[in-house]
Amino acid sequence: MSDYDFEQWTCPIPLRDSPHVVLGHGGGGKLSAELVEHLFLPAFNNQALSQLGDSAVVEASGRLALSTDSFVVQPRFFPGGNIGELAVYGTVNDVSMSGAVPKFMAVSFILEEGLPIRELGVIVESMARAAERAGVAIVTGDTKVVDKGHGDGVFITTTGIGVIPEGIEIGPDRIRPGDKAILSGTVGDHGMAIMSVREGLGFEAPILSDTAPLNHLIETLLAERIEVRALRDPTRGGLAATLNELAQSSRVGILIDEKAVPIRRAVDSACEMLGMDPFQVANEGKFVALVASSDAEKAVSVLRGFELGENAVVIGEAVSEHPGMVVAKTAIGSSRVVDTQVGEQLPRIC
Amino acid sequence: MKYLEEFRDPILARRLLDEITGTVTRPWVMMEVCGGQTHSIIRNGIDRLLPPEVELVHGPGCPVCVTPLDTIDRALSIASRPEVIFCSFGDMLRVPGSAKDLFRVKSEGGDVRIVYSPLDAVDLARKNPNREVVFFAIGFETTAPANAMAVFLAKQQGIANFSMIVSHVLVPPAIEAICSSPTTRVQAFLAAGHVCSVMGYSEYLPLAARFHIPIVVTGFEPLDVLEGIRKAVLQLESGRGEVENAYPRAVTREGNLEAQKLLKEVFVVSDRNWRGIGTIPNSGWELAEDYRDFDASYRFDVTQIKTIESSVCRSGEVLQGLIKPNECLAFGKECTPRNPLGATMVSSEGACAAYYNYGRFLDSETAKG
């Protein structure tokens, strides 16, 4: 199912004494200290963290962007990623959507008694790699352990801080009719990857989660002086919810071309089979950018220079008609409203 | 998977539409029977592209929508029992019973699980011998073979802790009831392609002949639906009333004979109450005598639960094609997907939900404003 080799994870000696997380690992005593010293410190390795103060002290100036998110995904290891990477990239991306450069991160773990230490080790090490890839430092954290049966293995909360470069103003209130909507890649990958393993649906072609850091793409767009009006990453609720949020908070209409939205064939087929709408399926490595019409072409070409943006494309534009609403031109040339779903998407009967 | 883009081609769609427009000389009303077709029509905006003479009304073919309220209340009662693992297809979870839905039962501690196949429920029963596993077997002829197979295997393998609430409905008696109704406006039917892939289409021949009405077996992709409409319009304009197959890549005259054999073994035809419509004679299936032990309604003794429908909800008239969803006073006001009064607002196949989700609600608001 996953590429993770738990057998290969080399566990520092003191942690070997207890192969599973016990209540004492969250008790603030020696067991807690061992976890910090032999697992978190070597993995996250930075000056601010190694001070081990009650709070981390960091340097930053200017306007700051702050975001927090909790991660409870099941299964913890899925095709294309795990809960650790997801927790780092999720917050990195949220911070980036205000145009900020993510710098520092706080991480809080809630562990369930009995979790294999080895599994925690693999998660922590992937978080370290993810943080390095995104260029953020994990500078402070906390660990609590709950009784067996009172958690679901691992819950992770991450909080990120980013610095907004001078002169950057990004927000839906800046969207104007005529602006182009750019999508950075295919939609539906993460949600369907999780679904395929959670529900034991054996699709022929494996679908991989798209979990990835988007900050380098955003930084480059801004460095290239693209007139970016608004940014949002279509996680839960998918592209449909994101476009609706943008339309509603900017009071413009958004018109998209359904056929322009890139969807992997395997994702499209899986959605079709289950009666789900790929526009409403979660993504973890994509964003929608509303940019000035004159810059749209350049923005797409900048994004396509990145592997993470190779499928970037203009999917539509802001319009003065139907303010607050998203309308799609359908494949056969008609139109429909794209609404936000009420709760979870439910697979259809037939 | 192929067969997606090919059947959404805008140039071919335009060609079919031109042919329909060129053929039609006066107004016709046709009903797409299946909720999957309603969904496709509204999602792709097919109805907006048709000439004004062709009116589509939406039929009763949404299994979630026609499942009677008391069946849902029985299911909720069973699902609340501590010994039960209650398995259902996903879109049944949000359908309101008289007091709550399956999501609510789940939040109150009921063990309610979404499955993708009834065979998964049989598997759960095998793995949990100390629990009672109950599957909510609803649907038309399309889902029936898999449900029949689940009971058949449970009996064959002696899995006694498995049972089903069976609420199966059949399309031909519903078409017959609509044709016989004095208030009907329907002049042609687009029959449900996937039902026919199981049952074939020979059972529609006597109906077409008796009521002299076109019945066109129709698929679900935009081009399939347009081709079904084209064939129906051609028949109506030339005064014919025949059965035609516009979905030959999935449907044969005989259907799936193996599946039919199994259905005959496991189910018997019975009268069935359709939510919002009423009882239609011989329009459902229940478990045959030999399989009665697997009937959860008897096993858990819930057959005495009877419930009365909300009087505000007009889903019955929607399901019979008498009104459009947005003609109901509650539509988009008291009744929304978040707070559905009737099942047609819940399932993505329900006509009311399709209208709401794809903006027919907003259309009517804009028109007024």
# chains A, B, ... in the order shown; residues from 1 in each chain; ligands from 1
$ residues_around --residues "region 323-326 of chain A" --least-positions-apart "3" --cutoff "7 Å" --atoms "only C-alpha atoms" --output "number ranges by chain"
A: 243-244, 247-248, 251-255, 320, 337-338
$ select_by_dssp --residues "region 282-335 of chain A" --states "strand (DSSP E)" --output "tab-separated table (two decimals) with C-alpha atoms, in the first residue's frame"
chain	number	residue	atom	x	y	z
A	288	VAL	CA	-6.53	28.68	-7.56
A	289	ALA	CA	-5.13	32.12	-8.41
A	290	LEU	CA	-7.17	35.03	-9.65
A	291	VAL	CA	-4.77	37.21	-11.66
A	313	VAL	CA	-4.18	26.31	-16.85
A	314	VAL	CA	-6.70	29.15	-17.09
A	315	ILE	CA	-10.06	27.64	-16.17
A	316	GLY	CA	-12.24	30.71	-16.29
A	317	GLU	CA	-12.67	34.31	-15.27
A	318	ALA	CA	-14.38	36.71	-12.92
A	319	VAL	CA	-17.47	38.30	-14.44
A	326	VAL	CA	-20.08	30.14	-9.87
A	327	VAL	CA	-21.33	28.99	-13.26
A	328	ALA	CA	-19.72	26.30	-15.41
A	329	LYS	CA	-19.95	25.96	-19.17
A	335	SER	CA	-24.30	25.83	-18.51
$ residues_around --residues "Ala87 (chain A)" --least-positions-apart "6" --cutoff "9 Å" --atoms "only C-alpha atoms" --output "list in words"
Asp69, Ser70, Phe71, Val107, Met127, Ile156, Thr157 and Thr158 of chain A
$ write_last_selection --atoms "N, CA and C atoms" --output "PDB file, in the first residue's frame"
ATOM      1  N   ASP A  69      -3.988  24.396  11.681  1.00  0.00           N
ATOM      2  CA  ASP A  69      -4.829  23.349  11.105  1.00  0.00           C
ATOM      3  C   ASP A  69      -4.566  22.037  11.842  1.00  0.00           C
ATOM      4  N   SER A  70      -5.602  21.214  11.983  1.00  0.00           N
ATOM      5  CA  SER A  70      -5.425  19.913  12.632  1.00  0.00           C
ATOM      6  C   SER A  70      -5.606  18.799  11.618  1.00  0.00           C
ATOM      7  N   PHE A  71      -4.868  17.733  11.817  1.00  0.00           N
ATOM      8  CA  PHE A  71      -4.875  16.643  10.842  1.00  0.00           C
ATOM      9  C   PHE A  71      -5.224  15.332  11.535  1.00  0.00           C
ATOM     10  N   VAL A 107       4.336  22.454  16.175  1.00  0.00           N
ATOM     11  CA  VAL A 107       3.684  21.161  15.935  1.00  0.00           C
ATOM     12  C   VAL A 107       3.212  20.573  17.255  1.00  0.00           C
ATOM     13  N   MET A 127       7.893  14.437   8.364  1.00  0.00           N
ATOM     14  CA  MET A 127       7.618  15.859   8.641  1.00  0.00           C
ATOM     15  C   MET A 127       8.891  16.687   8.491  1.00  0.00           C
ATOM     16  N   ILE A 156      -2.398  15.453  14.605  1.00  0.00           N
ATOM     17  CA  ILE A 156      -1.329  16.453  14.562  1.00  0.00           C
ATOM     18  C   ILE A 156      -1.932  17.825  14.284  1.00  0.00           C
ATOM     19  N   THR A 157      -1.539  18.806  15.084  1.00  0.00           N
ATOM     20  CA  THR A 157      -1.924  20.190  14.807  1.00  0.00           C
ATOM     21  C   THR A 157      -0.666  20.975  14.476  1.00  0.00           C
ATOM     22  N   THR A 158      -0.701  21.692  13.376  1.00  0.00           N
ATOM     23  CA  THR A 158       0.446  22.534  13.029  1.00  0.00           C
ATOM     24  C   THR A 158      -0.005  23.983  12.930  1.00  0.00           C
TER      25      THR A 158
END
$ atom_distance --atom1 "CA of Lys106 (chain B)" --atom2 "CA of Gln345 (chain A)"
16.6 Å
$ closest_atom_pairs --of "chain B" --to "chain A" --cutoff "7 Å" --atoms "only C-alpha atoms" --output "Markdown table"
| residue | atom | partner | partner_atom | distance |
| --- | --- | --- | --- | --- |
| B:Met1 | CA | A:Ser269 | CA | 5.9 |
| B:Arg8 | CA | A:Ile332 | CA | 6.1 |
| B:Asp9 | CA | A:Ile332 | CA | 6.3 |
| B:Pro10 | CA | A:Ile332 | CA | 4.2 |
| B:Ala13 | CA | A:Ile332 | CA | 6.3 |
| B:Arg43 | CA | A:Arg336 | CA | 6.4 |
| B:Asn44 | CA | A:Thr330 | CA | 5.6 |
| B:Gly45 | CA | A:Ser334 | CA | 5.1 |
| B:Ile46 | CA | A:Ser334 | CA | 6.8 |
| B:Arg48 | CA | A:Ser334 | CA | 6.8 |
| B:Leu49 | CA | A:Ser334 | CA | 6.5 |
| B:Phe89 | CA | A:Ile349 | CA | 5.8 |
| B:Gly90 | CA | A:Leu346 | CA | 4.9 |
| B:Asp91 | CA | A:Leu346 | CA | 5.3 |
| B:Thr143 | CA | A:Cys350 | CA | 6.9 |
| B:Pro337 | CA | A:Val342 | CA | 6.7 |
| B:Arg338 | CA | A:Val342 | CA | 6.0 |
| B:Asn357 | CA | A:Asp339 | CA | 5.8 |
| B:Tyr358 | CA | A:Val337 | CA | 4.6 |
| B:Gly359 | CA | A:Val337 | CA | 4.8 |
$ residues_around --residues "Ser283 (chain B)" --least-positions-apart "2" --cutoff "10 Å" --atoms "only C-alpha atoms" --output "MDAnalysis selection string"
chainID B and resid 168:174 176:177 269:274 279:281 285
$ atom_distance --atom1 "CA of Asn339 (chain B)" --atom2 "CA of Leu56 (chain B)"
26.6 Å
$ atom_distance --atom1 "CA of Leu120 (chain A)" --atom2 "CA of Asn45 (chain A)"
16.8 Å
$ decode --residues "region 248-297 of chain B" --atoms "N, CA and C atoms" --output "PDB file, in the first residue's frame"
ATOM      1  N   PRO B 248     -27.630   0.417 -27.090  1.00  0.00           N
ATOM      2  CA  PRO B 248     -27.292  -0.982 -27.429  1.00  0.00           C
ATOM      3  C   PRO B 248     -25.931  -1.425 -26.904  1.00  0.00           C
ATOM      4  N   ARG B 249     -25.064  -0.473 -26.503  1.00  0.00           N
ATOM      5  CA  ARG B 249     -23.770  -0.946 -26.025  1.00  0.00           C
ATOM      6  C   ARG B 249     -23.884  -1.577 -24.639  1.00  0.00           C
ATOM      7  N   ALA B 250     -25.029  -1.397 -23.971  1.00  0.00           N
ATOM      8  CA  ALA B 250     -25.192  -2.008 -22.650  1.00  0.00           C
ATOM      9  C   ALA B 250     -26.425  -2.901 -22.545  1.00  0.00           C
ATOM     10  N   VAL B 251     -27.354  -2.737 -23.472  1.00  0.00           N
ATOM     11  CA  VAL B 251     -28.649  -3.404 -23.293  1.00  0.00           C
ATOM     12  C   VAL B 251     -28.964  -4.326 -24.474  1.00  0.00           C
ATOM     13  N   THR B 252     -29.423  -5.544 -24.144  1.00  0.00           N
ATOM     14  CA  THR B 252     -29.952  -6.448 -25.168  1.00  0.00           C
ATOM     15  C   THR B 252     -31.415  -6.709 -24.852  1.00  0.00           C
ATOM     16  N   ARG B 253     -32.116  -7.282 -25.794  1.00  0.00           N
ATOM     17  CA  ARG B 253     -33.534  -7.560 -25.595  1.00  0.00           C
ATOM     18  C   ARG B 253     -33.751  -8.487 -24.398  1.00  0.00           C
ATOM     19  N   GLU B 254     -32.885  -9.489 -24.250  1.00  0.00           N
ATOM     20  CA  GLU B 254     -33.089 -10.482 -23.184  1.00  0.00           C
ATOM     21  C   GLU B 254     -32.531 -10.007 -21.839  1.00  0.00           C
ATOM     22  N   GLY B 255     -31.546  -9.116 -21.870  1.00  0.00           N
ATOM     23  CA  GLY B 255     -30.914  -8.696 -20.621  1.00  0.00           C
ATOM     24  C   GLY B 255     -29.938  -9.745 -20.110  1.00  0.00           C
ATOM     25  N   ASN B 256     -29.663  -9.678 -18.839  1.00  0.00           N
ATOM     26  CA  ASN B 256     -28.684 -10.575 -18.221  1.00  0.00           C
ATOM     27  C   ASN B 256     -29.417 -11.786 -17.637  1.00  0.00           C
ATOM     28  N   LEU B 257     -29.374 -12.875 -18.374  1.00  0.00           N
ATOM     29  CA  LEU B 257     -30.194 -14.043 -18.005  1.00  0.00           C
ATOM     30  C   LEU B 257     -29.737 -14.680 -16.693  1.00  0.00           C
ATOM     31  N   GLU B 258     -28.429 -14.705 -16.474  1.00  0.00           N
ATOM     32  CA  GLU B 258     -27.909 -15.267 -15.211  1.00  0.00           C
ATOM     33  C   GLU B 258     -28.459 -14.492 -14.013  1.00  0.00           C
ATOM     34  N   ALA B 259     -28.418 -13.165 -14.145  1.00  0.00           N
ATOM     35  CA  ALA B 259     -28.910 -12.321 -13.053  1.00  0.00           C
ATOM     36  C   ALA B 259     -30.400 -12.561 -12.837  1.00  0.00           C
ATOM     37  N   GLN B 260     -31.131 -12.664 -13.930  1.00  0.00           N
ATOM     38  CA  GLN B 260     -32.581 -12.869 -13.812  1.00  0.00           C
ATOM     39  C   GLN B 260     -32.905 -14.182 -13.109  1.00  0.00           C
ATOM     40  N   LYS B 261     -32.081 -15.201 -13.386  1.00  0.00           N
ATOM     41  CA  LYS B 261     -32.296 -16.512 -12.758  1.00  0.00           C
ATOM     42  C   LYS B 261     -32.149 -16.389 -11.232  1.00  0.00           C
ATOM     43  N   LEU B 262     -31.117 -15.658 -10.835  1.00  0.00           N
ATOM     44  CA  LEU B 262     -30.852 -15.473  -9.402  1.00  0.00           C
ATOM     45  C   LEU B 262     -31.984 -14.672  -8.743  1.00  0.00           C
ATOM     46  N   LEU B 263     -32.450 -13.640  -9.464  1.00  0.00           N
ATOM     47  CA  LEU B 263     -33.533 -12.806  -8.921  1.00  0.00           C
ATOM     48  C   LEU B 263     -34.781 -13.642  -8.674  1.00  0.00           C
ATOM     49  N   LYS B 264     -35.043 -14.533  -9.610  1.00  0.00           N
ATOM     50  CA  LYS B 264     -36.222 -15.396  -9.514  1.00  0.00           C
ATOM     51  C   LYS B 264     -36.105 -16.358  -8.333  1.00  0.00           C
ATOM     52  N   GLU B 265     -34.879 -16.757  -8.076  1.00  0.00           N
ATOM     53  CA  GLU B 265     -34.630 -17.688  -6.965  1.00  0.00           C
ATOM     54  C   GLU B 265     -34.849 -16.996  -5.606  1.00  0.00           C
ATOM     55  N   VAL B 266     -34.400 -15.750  -5.505  1.00  0.00           N
ATOM     56  CA  VAL B 266     -34.332 -15.102  -4.194  1.00  0.00           C
ATOM     57  C   VAL B 266     -35.567 -14.234  -3.885  1.00  0.00           C
ATOM     58  N   PHE B 267     -36.128 -13.598  -4.914  1.00  0.00           N
ATOM     59  CA  PHE B 267     -37.223 -12.640  -4.678  1.00  0.00           C
ATOM     60  C   PHE B 267     -38.552 -13.143  -5.235  1.00  0.00           C
ATOM     61  N   VAL B 268     -39.644 -12.638  -4.655  1.00  0.00           N
ATOM     62  CA  VAL B 268     -40.965 -12.789  -5.285  1.00  0.00           C
ATOM     63  C   VAL B 268     -41.582 -11.389  -5.453  1.00  0.00           C
ATOM     64  N   VAL B 269     -42.401 -11.258  -6.496  1.00  0.00           N
ATOM     65  CA  VAL B 269     -43.037  -9.970  -6.766  1.00  0.00           C
ATOM     66  C   VAL B 269     -44.127  -9.709  -5.733  1.00  0.00           C
ATOM     67  N   SER B 270     -44.194  -8.457  -5.263  1.00  0.00           N
ATOM     68  CA  SER B 270     -45.223  -8.111  -4.284  1.00  0.00           C
ATOM     69  C   SER B 270     -45.724  -6.698  -4.546  1.00  0.00           C
ATOM     70  N   ASP B 271     -46.846  -6.329  -3.939  1.00  0.00           N
ATOM     71  CA  ASP B 271     -47.290  -4.935  -4.004  1.00  0.00           C
ATOM     72  C   ASP B 271     -46.279  -4.087  -3.240  1.00  0.00           C
ATOM     73  N   ARG B 272     -46.131  -2.829  -3.658  1.00  0.00           N
ATOM     74  CA  ARG B 272     -45.127  -2.016  -2.985  1.00  0.00           C
ATOM     75  C   ARG B 272     -45.629  -0.586  -2.849  1.00  0.00           C
ATOM     76  N   ASN B 273     -45.401  -0.029  -1.680  1.00  0.00           N
ATOM     77  CA  ASN B 273     -45.723   1.372  -1.455  1.00  0.00           C
ATOM     78  C   ASN B 273     -44.551   2.227  -1.945  1.00  0.00           C
ATOM     79  N   TRP B 274     -44.835   3.222  -2.790  1.00  0.00           N
ATOM     80  CA  TRP B 274     -43.795   4.136  -3.267  1.00  0.00           C
ATOM     81  C   TRP B 274     -43.965   5.442  -2.514  1.00  0.00           C
ATOM     82  N   ARG B 275     -42.879   5.919  -1.944  1.00  0.00           N
ATOM     83  CA  ARG B 275     -42.972   7.164  -1.169  1.00  0.00           C
ATOM     84  C   ARG B 275     -43.516   8.287  -2.040  1.00  0.00           C
ATOM     85  N   GLY B 276     -44.526   8.951  -1.542  1.00  0.00           N
ATOM     86  CA  GLY B 276     -45.100  10.085  -2.261  1.00  0.00           C
ATOM     87  C   GLY B 276     -46.072   9.703  -3.354  1.00  0.00           C
ATOM     88  N   ILE B 277     -46.126   8.440  -3.715  1.00  0.00           N
ATOM     89  CA  ILE B 277     -46.995   8.037  -4.829  1.00  0.00           C
ATOM     90  C   ILE B 277     -48.136   7.151  -4.333  1.00  0.00           C
ATOM     91  N   GLY B 278     -47.792   6.185  -3.501  1.00  0.00           N
ATOM     92  CA  GLY B 278     -48.802   5.260  -3.010  1.00  0.00           C
ATOM     93  C   GLY B 278     -48.478   3.829  -3.416  1.00  0.00           C
ATOM     94  N   THR B 279     -49.414   2.949  -3.147  1.00  0.00           N
ATOM     95  CA  THR B 279     -49.148   1.541  -3.428  1.00  0.00           C
ATOM     96  C   THR B 279     -49.425   1.236  -4.898  1.00  0.00           C
ATOM     97  N   ILE B 280     -48.446   0.606  -5.534  1.00  0.00           N
ATOM     98  CA  ILE B 280     -48.628   0.166  -6.920  1.00  0.00           C
ATOM     99  C   ILE B 280     -48.601  -1.371  -6.901  1.00  0.00           C
ATOM    100  N   PRO B 281     -49.645  -2.002  -7.448  1.00  0.00           N
ATOM    101  CA  PRO B 281     -49.701  -3.466  -7.405  1.00  0.00           C
ATOM    102  C   PRO B 281     -48.498  -4.100  -8.118  1.00  0.00           C
ATOM    103  N   ASN B 282     -48.017  -5.167  -7.564  1.00  0.00           N
ATOM    104  CA  ASN B 282     -46.933  -5.970  -8.171  1.00  0.00           C
ATOM    105  C   ASN B 282     -45.732  -5.131  -8.594  1.00  0.00           C
ATOM    106  N   SER B 283     -45.389  -4.128  -7.810  1.00  0.00           N
ATOM    107  CA  SER B 283     -44.326  -3.222  -8.253  1.00  0.00           C
ATOM    108  C   SER B 283     -43.056  -3.357  -7.425  1.00  0.00           C
ATOM    109  N   GLY B 284     -42.964  -4.426  -6.647  1.00  0.00           N
ATOM    110  CA  GLY B 284     -41.739  -4.573  -5.853  1.00  0.00           C
ATOM    111  C   GLY B 284     -41.327  -6.022  -5.715  1.00  0.00           C
ATOM    112  N   TRP B 285     -40.196  -6.187  -5.074  1.00  0.00           N
ATOM    113  CA  TRP B 285     -39.740  -7.532  -4.766  1.00  0.00           C
ATOM    114  C   TRP B 285     -39.597  -7.653  -3.258  1.00  0.00           C
ATOM    115  N   GLU B 286     -39.935  -8.842  -2.735  1.00  0.00           N
ATOM    116  CA  GLU B 286     -39.548  -9.156  -1.367  1.00  0.00           C
ATOM    117  C   GLU B 286     -38.892 -10.524  -1.372  1.00  0.00           C
ATOM    118  N   LEU B 287     -38.298 -10.890  -0.253  1.00  0.00           N
ATOM    119  CA  LEU B 287     -37.585 -12.164  -0.214  1.00  0.00           C
ATOM    120  C   LEU B 287     -38.568 -13.318  -0.350  1.00  0.00           C
ATOM    121  N   ALA B 288     -38.206 -14.301  -1.130  1.00  0.00           N
ATOM    122  CA  ALA B 288     -39.038 -15.482  -1.321  1.00  0.00           C
ATOM    123  C   ALA B 288     -39.075 -16.299  -0.025  1.00  0.00           C
ATOM    124  N   GLU B 289     -40.081 -17.147   0.089  1.00  0.00           N
ATOM    125  CA  GLU B 289     -40.302 -17.965   1.286  1.00  0.00           C
ATOM    126  C   GLU B 289     -39.002 -18.605   1.805  1.00  0.00           C
ATOM    127  N   ASP B 290     -38.232 -19.184   0.900  1.00  0.00           N
ATOM    128  CA  ASP B 290     -37.004 -19.905   1.302  1.00  0.00           C
ATOM    129  C   ASP B 290     -35.959 -18.981   1.922  1.00  0.00           C
ATOM    130  N   TYR B 291     -36.096 -17.681   1.699  1.00  0.00           N
ATOM    131  CA  TYR B 291     -35.087 -16.736   2.196  1.00  0.00           C
ATOM    132  C   TYR B 291     -35.659 -15.809   3.277  1.00  0.00           C
ATOM    133  N   ARG B 292     -36.881 -16.080   3.713  1.00  0.00           N
ATOM    134  CA  ARG B 292     -37.584 -15.194   4.643  1.00  0.00           C
ATOM    135  C   ARG B 292     -36.809 -14.997   5.954  1.00  0.00           C
ATOM    136  N   ASP B 293     -36.011 -16.026   6.318  1.00  0.00           N
ATOM    137  CA  ASP B 293     -35.218 -15.911   7.554  1.00  0.00           C
ATOM    138  C   ASP B 293     -34.243 -14.735   7.503  1.00  0.00           C
ATOM    139  N   PHE B 294     -33.930 -14.287   6.297  1.00  0.00           N
ATOM    140  CA  PHE B 294     -32.951 -13.211   6.157  1.00  0.00           C
ATOM    141  C   PHE B 294     -33.620 -11.840   6.081  1.00  0.00           C
ATOM    142  N   ASP B 295     -34.933 -11.798   6.316  1.00  0.00           N
ATOM    143  CA  ASP B 295     -35.649 -10.530   6.259  1.00  0.00           C
ATOM    144  C   ASP B 295     -35.548  -9.824   7.615  1.00  0.00           C
ATOM    145  N   ALA B 296     -34.822  -8.708   7.640  1.00  0.00           N
ATOM    146  CA  ALA B 296     -34.556  -8.021   8.910  1.00  0.00           C
ATOM    147  C   ALA B 296     -35.832  -7.466   9.545  1.00  0.00           C
ATOM    148  N   SER B 297     -36.821  -7.094   8.715  1.00  0.00           N
ATOM    149  CA  SER B 297     -38.051  -6.525   9.276  1.00  0.00           C
ATOM    150  C   SER B 297     -38.748  -7.529  10.181  1.00  0.00           C
TER     151      SER B 297
END
